[in-house]
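File shown: start_9.txt. Contents: compact mmCIF, C-alpha atoms.
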```txt
# COMPACT_ATOMS: atom_id res chain seq x y z
CA MET C 87 33.85 -28.78 11.93
CA LYS C 88 32.48 -25.25 11.96
CA ARG C 89 33.24 -24.85 8.24
CA LEU C 90 31.51 -28.13 7.50
CA LEU C 91 28.38 -27.01 9.34
CA ILE C 92 28.35 -23.70 7.43
CA LEU C 93 28.72 -25.53 4.11
CA LEU C 94 25.94 -27.95 5.08
CA PHE C 95 23.68 -25.02 6.04
CA ILE C 96 24.33 -23.26 2.70
CA PHE C 97 23.65 -26.49 0.77
CA VAL C 98 20.36 -27.13 2.62
CA SER C 99 19.25 -23.47 2.17
CA VAL C 100 19.96 -23.52 -1.58
CA HIS C 101 18.23 -26.87 -1.97
CA LEU C 102 15.12 -25.68 -0.07
CA SER C 103 15.00 -22.45 -2.07
CA LEU C 104 15.20 -24.33 -5.39
CA THR C 105 12.47 -26.75 -4.29
CA ALA C 106 10.24 -23.79 -3.36
CA GLN C 107 10.91 -22.14 -6.74
CA GLN C 108 10.07 -25.33 -8.61
CA SER C 109 6.92 -25.72 -6.62
CA GLU C 110 5.86 -22.12 -7.33
CA ALA C 111 6.58 -22.58 -11.04
CA GLN C 112 4.43 -25.70 -11.02
CA ILE C 113 1.59 -23.85 -9.30
CA ARG C 114 1.78 -21.03 -11.86
CA GLN C 115 1.73 -23.56 -14.68
CA ALA C 116 -1.30 -25.37 -13.24
CA ILE C 117 -3.19 -22.07 -12.85
CA THR C 118 -2.28 -20.92 -16.37
CA GLN C 119 -3.42 -24.24 -17.83
CA ALA C 120 -6.71 -24.13 -15.90
CA ALA C 121 -7.34 -20.54 -17.07
CA SER C 122 -6.66 -21.31 -20.73
CA ALA C 123 -8.84 -24.44 -20.60
CA MET C 124 -11.70 -22.39 -19.17
CA LYS C 125 -13.72 -21.40 -22.24
CA THR C 126 -16.72 -20.36 -20.17
CA MET C 127 -17.45 -19.99 -16.48
CA GLN C 128 -20.56 -19.13 -14.49
CA CYS C 129 -21.08 -18.90 -10.76
CA ASP C 130 -22.85 -17.18 -7.89
CA PHE C 131 -20.87 -14.66 -5.91
CA THR C 132 -21.02 -13.04 -2.50
CA GLN C 133 -19.24 -9.71 -2.18
CA THR C 134 -18.45 -8.26 1.25
CA LYS C 135 -17.21 -4.69 1.44
CA HIS C 136 -15.36 -3.89 4.68
CA LEU C 137 -15.43 -0.19 5.53
CA LYS C 138 -12.52 0.66 7.82
CA MET C 139 -13.57 4.17 8.80
CA LEU C 140 -17.14 3.14 9.66
CA ASN C 141 -16.15 -0.24 11.14
CA ASP C 142 -18.95 -1.70 9.02
CA LYS C 143 -19.39 -4.25 6.29
CA MET C 144 -21.92 -4.64 3.52
CA THR C 145 -22.72 -7.84 1.69
CA SER C 146 -24.11 -8.02 -1.82
CA LYS C 147 -24.88 -11.05 -3.95
CA GLY C 148 -25.22 -11.86 -7.59
CA ARG C 149 -24.26 -14.01 -10.53
CA MET C 150 -21.27 -13.93 -12.87
CA TYR C 151 -20.78 -15.23 -16.41
CA TYR C 152 -17.47 -15.30 -18.29
CA GLN C 153 -16.62 -16.30 -21.82
CA GLN C 154 -13.08 -16.47 -23.12
CA THR C 155 -11.41 -14.19 -23.89
CA ASN C 156 -13.04 -10.86 -23.27
CA ARG C 157 -16.66 -11.23 -22.20
CA LEU C 158 -17.95 -10.82 -18.68
CA ARG C 159 -21.39 -10.34 -17.15
CA TRP C 160 -21.33 -9.31 -13.51
CA GLU C 161 -24.86 -9.03 -12.14
CA TYR C 162 -25.80 -7.89 -8.63
CA THR C 163 -29.22 -9.06 -7.50
CA SER C 164 -29.23 -8.18 -3.80
CA PRO C 165 -29.55 -5.76 -2.01
CA TYR C 166 -29.40 -3.70 -5.21
CA SER C 167 -29.89 -4.45 -8.86
CA TYR C 168 -26.91 -3.57 -11.05
CA THR C 169 -25.47 -5.22 -14.15
CA PHE C 170 -22.02 -4.74 -15.65
CA ILE C 171 -21.39 -6.33 -19.05
CA LEU C 172 -17.98 -6.25 -20.70
CA ASN C 173 -17.91 -7.26 -24.36
CA ASP C 174 -14.48 -6.59 -25.90
CA ASP C 175 -14.04 -2.79 -25.77
CA LYS C 176 -17.55 -1.90 -24.65
CA VAL C 177 -19.07 -1.86 -21.18
CA LEU C 178 -22.78 -1.68 -20.40
CA LEU C 179 -23.76 -0.39 -16.97
CA LYS C 180 -27.37 -1.04 -16.13
CA ASN C 181 -29.33 -0.11 -13.02
CA LYS C 182 -33.02 0.51 -12.35
CA GLN C 183 -32.83 4.05 -13.67
CA ARG C 184 -30.68 3.86 -16.76
CA ASN C 185 -28.36 2.05 -19.17
CA ASP C 186 -24.95 3.50 -20.05
CA VAL C 187 -22.58 2.18 -22.69
CA ILE C 188 -18.91 3.09 -22.18
CA ASP C 189 -15.93 2.64 -24.45
CA VAL C 190 -13.28 1.20 -22.10
CA ASN C 191 -10.49 2.71 -24.20
CA LYS C 192 -11.81 6.18 -23.35
CA ASN C 193 -12.46 5.59 -19.67
CA LYS C 194 -9.43 4.68 -17.57
CA LEU C 195 -11.39 3.79 -14.42
CA PHE C 196 -13.71 1.34 -16.16
CA ARG C 197 -10.89 -0.13 -18.22
CA GLU C 198 -9.02 -0.98 -15.02
CA ILE C 199 -12.04 -2.23 -13.10
CA ALA C 200 -13.12 -4.41 -16.05
CA ARG C 201 -9.61 -5.85 -16.42
CA ILE C 202 -9.18 -6.50 -12.70
CA MET C 203 -12.57 -8.16 -12.21
CA MET C 204 -12.15 -10.41 -15.23
CA ASN C 205 -8.50 -11.31 -14.80
CA SER C 206 -8.93 -11.89 -11.07
CA VAL C 207 -11.85 -14.32 -11.32
CA VAL C 208 -10.18 -16.21 -14.16
CA GLY C 209 -6.79 -16.13 -12.43
CA THR C 210 -4.77 -14.61 -15.28
CA SER C 211 -3.73 -11.64 -13.10
CA LEU C 212 -1.17 -13.97 -11.55
CA THR C 213 0.78 -14.25 -14.79
CA ASP C 214 0.46 -10.57 -15.72
CA ASP C 215 4.01 -9.61 -14.76
CA LYS C 216 3.72 -6.09 -16.19
CA SER C 217 0.82 -5.27 -13.87
CA PHE C 218 1.67 -7.20 -10.72
CA LYS C 219 4.56 -8.46 -8.67
CA SER C 220 3.31 -11.71 -7.20
CA ALA C 221 4.15 -14.21 -4.47
CA ILE C 222 2.46 -17.52 -3.72
CA THR C 223 1.92 -19.24 -0.39
CA THR C 224 -0.04 -22.39 0.35
CA ASN C 225 -2.22 -23.88 3.05
CA ASN C 226 -4.02 -27.22 3.21
CA SER C 227 -6.59 -26.57 0.52
CA GLU C 228 -5.51 -23.36 -1.23
CA TRP C 229 -2.79 -21.60 -3.14
CA ILE C 230 -2.80 -17.96 -2.08
CA ALA C 231 -1.36 -15.42 -4.51
CA SER C 232 -0.55 -11.90 -3.27
CA LEU C 233 -0.40 -9.40 -6.11
CA LEU C 234 1.25 -6.02 -5.67
CA PRO C 235 0.22 -3.54 -8.40
CA GLN C 236 3.15 -2.20 -10.45
CA ARG C 237 1.40 0.12 -12.89
CA LYS C 238 0.52 3.64 -11.76
CA ASP C 239 -3.18 3.40 -12.63
CA LEU C 240 -3.52 0.12 -10.70
CA LYS C 241 -1.59 1.48 -7.73
CA GLN C 242 -4.11 4.33 -7.56
CA LEU C 243 -6.92 1.81 -7.06
CA PHE C 244 -5.47 -0.99 -4.94
CA GLN C 245 -2.72 -1.58 -2.41
CA LYS C 246 -2.85 -5.35 -2.88
CA ILE C 247 -4.98 -8.06 -4.49
CA ILE C 248 -5.09 -11.54 -2.99
CA LEU C 249 -6.34 -14.48 -5.04
CA HIS C 250 -7.29 -17.77 -3.37
CA PHE C 251 -7.06 -20.76 -5.72
CA SER C 252 -8.53 -24.18 -4.99
CA LYS C 253 -5.83 -26.85 -5.11
CA LYS C 254 -8.42 -29.27 -6.49
CA ASN C 255 -9.00 -27.51 -9.82
CA ALA C 256 -6.50 -24.60 -9.83
CA MET C 257 -9.40 -22.14 -10.11
CA VAL C 258 -10.05 -18.93 -8.17
CA LYS C 259 -12.51 -19.30 -5.31
CA GLN C 260 -11.99 -15.98 -3.53
CA VAL C 261 -10.68 -12.53 -4.44
CA GLU C 262 -9.61 -9.88 -1.90
CA LEU C 263 -9.21 -6.32 -3.14
CA ILE C 264 -7.36 -4.19 -0.58
CA GLU C 265 -7.47 -0.43 -0.97
CA LYS C 266 -5.10 2.30 0.17
CA ASN C 267 -7.50 3.66 2.81
CA GLY C 268 -7.65 0.23 4.50
CA ASP C 269 -11.03 -0.77 3.01
CA LYS C 270 -11.29 -4.29 1.67
CA THR C 271 -13.67 -6.10 -0.67
CA VAL C 272 -13.88 -9.89 -0.49
CA ILE C 273 -15.58 -11.74 -3.36
CA GLU C 274 -16.38 -15.42 -2.87
CA LEU C 275 -17.28 -17.52 -5.90
CA ASN C 276 -19.74 -20.38 -5.34
CA ASN C 277 -21.45 -23.06 -7.48
CA ILE C 278 -18.81 -22.66 -10.19
CA ARG C 279 -19.63 -24.32 -13.53
CA THR C 280 -17.15 -24.29 -16.38
CA ASN C 281 -17.25 -24.92 -20.12
CA GLU C 282 -21.04 -24.97 -20.38
CA LYS C 283 -22.66 -23.05 -23.21
CA ILE C 284 -23.70 -19.52 -22.24
CA SER C 285 -26.23 -17.70 -24.43
CA ALA C 286 -24.68 -14.83 -26.43
CA ASP C 287 -27.56 -12.66 -25.16
CA MET C 288 -25.92 -12.59 -21.76
CA PHE C 289 -23.11 -10.44 -23.20
CA THR C 290 -25.17 -8.36 -25.61
CA ILE C 291 -24.66 -4.60 -25.37
CA ARG C 292 -27.31 -2.44 -26.95
CA MET E 37 -44.07 21.70 5.50
CA GLN E 38 -40.49 20.93 6.48
CA LEU E 39 -41.46 20.83 10.14
CA PHE E 40 -43.21 17.54 9.41
CA ALA E 41 -40.63 16.13 7.01
CA GLN E 42 -38.91 13.03 8.38
CA SER E 43 -35.12 13.09 8.33
CA THR E 44 -33.52 10.45 6.12
CA LEU E 45 -30.35 10.81 8.19
CA SER E 46 -30.06 8.63 11.29
CA GLU E 47 -30.57 10.66 14.47
CA THR E 48 -29.59 7.90 16.90
CA GLU E 49 -26.03 7.25 18.10
CA GLY E 50 -24.48 4.41 16.12
CA GLY E 51 -27.38 4.43 13.66
CA ARG E 52 -26.36 3.70 10.08
CA ILE E 53 -28.29 3.96 6.84
CA ARG E 54 -27.31 2.59 3.42
CA TYR E 55 -28.30 4.41 0.28
CA ALA E 56 -28.12 3.79 -3.45
CA ALA E 57 -26.20 6.86 -4.60
CA SER E 58 -25.93 8.61 -7.93
CA ILE E 59 -24.06 11.68 -9.14
CA GLU E 60 -25.19 13.03 -12.47
CA MET E 61 -22.89 15.50 -14.24
CA PRO E 62 -23.21 17.09 -17.69
CA LYS E 63 -20.74 14.62 -19.22
CA ALA E 64 -20.69 11.76 -16.74
CA TYR E 65 -22.81 9.63 -14.44
CA LEU E 66 -21.61 7.78 -11.37
CA SER E 67 -23.53 5.33 -9.24
CA GLY E 68 -22.71 3.41 -6.10
CA ILE E 69 -23.51 2.91 -2.44
CA CYS E 70 -23.30 5.46 0.35
CA VAL E 71 -23.20 4.43 4.01
CA LEU E 72 -23.80 7.09 6.67
CA LEU E 73 -23.10 6.48 10.35
CA ARG E 74 -24.18 8.76 13.21
CA GLU E 75 -21.29 8.99 15.68
CA GLY E 76 -21.73 11.45 18.52
CA ASP E 77 -22.35 14.90 17.08
CA VAL E 78 -21.09 14.03 13.62
CA VAL E 79 -22.07 11.89 10.64
CA ARG E 80 -19.39 9.75 9.02
CA GLY E 81 -19.85 8.64 5.44
CA SER E 82 -18.31 6.41 2.79
CA LEU E 83 -19.19 6.38 -0.88
CA PHE E 84 -18.11 3.43 -3.02
CA ASN E 85 -19.06 1.96 -6.37
CA GLU E 86 -21.02 -1.28 -6.79
CA PHE E 87 -17.77 -3.29 -7.08
CA GLY E 88 -16.64 -1.94 -3.73
CA VAL E 89 -14.02 0.61 -4.80
CA THR E 90 -14.20 3.52 -2.34
CA ALA E 91 -14.43 6.97 -3.89
CA LEU E 92 -14.81 9.08 -0.73
CA ASP E 93 -14.61 8.94 3.06
CA PHE E 94 -15.93 12.02 4.83
CA THR E 95 -17.28 13.48 8.06
CA TYR E 96 -20.22 15.88 8.23
CA TYR E 97 -20.46 18.31 11.14
CA PRO E 98 -24.18 19.23 11.46
CA GLU E 99 -23.53 22.15 13.82
CA SER E 100 -21.27 24.01 11.40
CA GLN E 101 -22.84 22.36 8.33
CA LYS E 102 -19.37 21.54 7.04
CA VAL E 103 -17.79 18.45 5.50
CA LYS E 104 -14.24 17.21 5.96
CA LEU E 105 -12.92 14.85 3.29
CA HIS E 106 -10.63 12.13 4.66
CA HIS E 107 -10.04 10.11 1.51
CA VAL E 108 -10.70 10.83 -2.15
CA ILE E 109 -9.87 8.25 -4.82
CA LYS E 110 -6.66 9.33 -6.59
CA MET E 111 -8.38 9.84 -9.94
CA MET E 112 -10.66 12.50 -8.39
CA ASP E 113 -8.18 13.92 -5.92
CA LYS E 114 -7.75 17.47 -7.28
CA TRP E 115 -8.11 20.60 -5.14
CA TYR E 116 -10.97 21.98 -7.26
CA VAL E 117 -12.87 18.67 -7.15
CA ARG E 118 -12.39 18.51 -3.36
CA ARG E 119 -13.78 22.05 -3.01
CA VAL E 120 -16.93 21.24 -4.97
CA LEU E 121 -17.39 17.92 -3.15
CA ARG E 122 -17.04 19.50 0.29
CA LYS E 123 -19.68 22.12 -0.43
CA ASP E 124 -22.06 19.82 -2.29
CA LEU E 125 -21.89 17.00 0.27
CA ALA E 126 -22.63 19.50 3.05
CA GLN E 127 -25.70 20.64 1.12
CA LEU E 128 -26.75 17.04 0.48
CA MET E 129 -26.43 16.16 4.19
CA LEU E 130 -28.49 19.22 5.08
CA ARG E 131 -31.19 18.09 2.61
CA LEU E 132 -31.19 14.61 4.21
CA GLN E 133 -31.75 16.15 7.65
CA GLN E 134 -34.76 17.90 6.15
CA GLY E 135 -36.15 14.67 4.68
CA GLU E 136 -35.08 15.33 1.09
CA THR E 137 -32.87 12.96 -0.89
CA THR E 138 -31.63 15.11 -3.77
CA TYR E 139 -29.33 18.10 -4.12
CA HIS E 140 -28.84 19.92 -7.38
CA ASN E 141 -25.80 22.17 -7.81
CA LYS E 142 -27.29 24.67 -10.25
CA ARG E 143 -24.01 26.41 -11.03
CA ARG E 144 -22.16 23.23 -12.03
CA HIS E 145 -25.20 21.23 -13.16
CA ILE E 146 -24.48 18.32 -10.84
CA THR E 147 -27.30 16.31 -9.26
CA TYR E 148 -26.65 14.16 -6.20
CA GLN E 149 -29.28 11.60 -5.21
CA LEU E 150 -29.50 9.11 -2.34
CA LYS E 151 -32.20 6.44 -1.97
CA VAL E 152 -32.40 4.30 1.15
CA ILE E 153 -31.55 0.63 0.45
CA ASP E 154 -32.07 -0.85 3.93
CA ASN E 155 -31.49 -0.03 7.57
CA GLY E 156 -29.27 -3.03 8.36
```
Encoded form using structure tokens:
Amino acid sequence: MKRLLILLFIFVSVHLSLTAQQSEAQIRQAITQAASAMKTMQCDFTQTKHLKMLNDKMTSKGRMYYQQTNRLRWEYTSPYSYTFILNDDKVLLKNKQRNDVIDVNKNKLFREIARIMMNSVVGTSLTDDKSFKSAITTNNSEWIASLLPQRKDLKQLFQKIILHFSKKNAMVKQVELIEKNGDKTVIELNNIRTNEKISADMFTIR
Amino acid sequence: MQLFAQSTLSETEGGRIRYAASIEMPKAYLSGICVLLREGDVVRGSLFNEFGVTALDFTYYPESQKVKLHHVIKMMDKWYVRRVLRKDLAQLMLRLQQGETTYHNKRRHITYQLKVIDNG
């Protein structure tokens, strides 16, 4: 009887584990399909920086535009004005005082930040196995992917990245960037519109 | 003149001020946000870029006019960078107490600037 119970337990455990794996594979597939079908995306965002040492938080707002495969405009409008445009290998940083154009291949920090921001909002970080070890959990309305950086340069920036995907459309609705010192930045994406034409001027770097 | 200059550093316990920050070096330019919090006899500060990545956490001790660095982003975490940052941040904090918002390190040609964003 005891042996039978042990065998039954092993069978149920293996079955549950396989079901979970299938389910996770299906989630990954749905997210990958949604990301590849997303030719353009634009939305408003609210970014909240949590400062552990100061027990403080700061909220900034702006608008984001993305065009497959390597164009991103990340524009802060409040409480400061700052625009970050990624167009292939070039980044334009624009604030009230000056414009700077940076070659991302020559600047490790901006290369990583550009990659993380773009791949996180699109959701492709989840399938980047070289950069992240990932695990997915679910709740009623979301798939939650926890990404642990694997590459040295990413590890230097973040302890963990958490992506919240809407189950409705398999698209990212919130990004959490958790740093080594305990600080955290939460970016919420709102009023998301996909596959609408975005003027090329939005990504122009001059 | 400095007797009448208004400090741009909070003098009240728990008072915090947010600044748009920039560091201009001969071959690089960094911008971001600096938050300074008055806590007892010290001022605690965090400096992070617009995307929220923290570059520095520090404490300024007004009595000794010294800065202690608690966290420096790995890419900048070298002993010689720490030494310059400690000295320059102390000078910048001193300038803020005197109502100024800029410190220029003449020897290394680095300019630090803070502009108040809001008092929230």
Show me, as JSON, numbers by chain, the residues of chain C whose atoms get within 10 Å of chain E, using only C-alpha atoms for the distance check. {"C": [133, 134, 135, 136, 137, 138, 139, 140, 141, 142, 143, 144, 146, 160, 162, 165, 166, 167, 168, 169, 170, 179, 181, 186, 194, 195, 199, 203, 239, 241, 242, 243, 244, 263, 264, 265, 266, 267, 269, 270, 271, 272, 273]}
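Interatomic distance, atom CA of E:Gly51 to atom CA of C:Gln183: 27.9 Å.
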Selection near C:Asn193, 12 Å with only C-alpha atoms, sequence-local residues under 3 positions removed, as a PDB file with C-alpha atoms, keeping the file's coordinate frame:
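Final output, saved to result_28.pdb:
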```pdb
ATOM      1  CA  ASP C 175     -14.040  -2.790 -25.770  1.00  0.00           C
ATOM      2  CA  LYS C 176     -17.550  -1.900 -24.650  1.00  0.00           C
ATOM      3  CA  VAL C 177     -19.070  -1.860 -21.180  1.00  0.00           C
ATOM      4  CA  VAL C 187     -22.580   2.180 -22.690  1.00  0.00           C
ATOM      5  CA  ILE C 188     -18.910   3.090 -22.180  1.00  0.00           C
ATOM      6  CA  ASP C 189     -15.930   2.640 -24.450  1.00  0.00           C
ATOM      7  CA  VAL C 190     -13.280   1.200 -22.100  1.00  0.00           C
ATOM      8  CA  PHE C 196     -13.710   1.340 -16.160  1.00  0.00           C
ATOM      9  CA  ARG C 197     -10.890  -0.130 -18.220  1.00  0.00           C
ATOM     10  CA  GLU C 198      -9.020  -0.980 -15.020  1.00  0.00           C
ATOM     11  CA  ILE C 199     -12.040  -2.230 -13.100  1.00  0.00           C
ATOM     12  CA  ALA C 200     -13.120  -4.410 -16.050  1.00  0.00           C
ATOM     13  CA  ASP C 239      -3.180   3.400 -12.630  1.00  0.00           C
TER      14      ASP C 239
ATOM     15  CA  ALA E  64     -20.690  11.760 -16.740  1.00  0.00           C
ATOM     16  CA  MET E 111      -8.380   9.840  -9.940  1.00  0.00           C
TER      17      MET E 111
END
```
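Counting from atom CA of C:Phe131, the distance to atom CA of C:Leu275 is 4.6 Å.
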Considering only C-alpha atoms, can you say which of C:Ile291, C:Leu158, C:Ala256, C:Met150 comes closest to C:Thr118? C:Ala256
Taking 2 positions as the minimum chain separation for residues in the same chain, which residues sit within 6 Å of stretch 133-146 of chain E when counting only C-alpha atoms? Answer as number ranges by chain. E: 41-45, 60-61, 128, 130-131, 148-150
Report the centre and edge lengths, in Å to one decimal, of an axis-aligned box enclosing every atom of stretch 127-131 of chain E listed in the file, padded by 4 Å on each side, as lines of an AutoDock Vina configuration file.
```
center_x = -28.4
center_y = 18.4
center_z = 2.8
size_x = 13.5
size_y = 12.5
size_z = 12.6
```
Atomic separation - atom CA of C:Ile117 relative to atom CA of C:Ile230, Å: 11.5 Å
Please identify all polymer residues within 9 Å of E:Leu121, counting all atoms listed in the file, omitting same-chain residues fewer than 5 positions from it, and present them as a PyMOL selection string. chain E and resi 103+105+116+126
Neighbours of point (-23.8, -19.6, -16.5) within 7 Å, using all atoms listed in the file, written as an MDAnalysis selection string: chainID C and resid 127:129 151 279 284
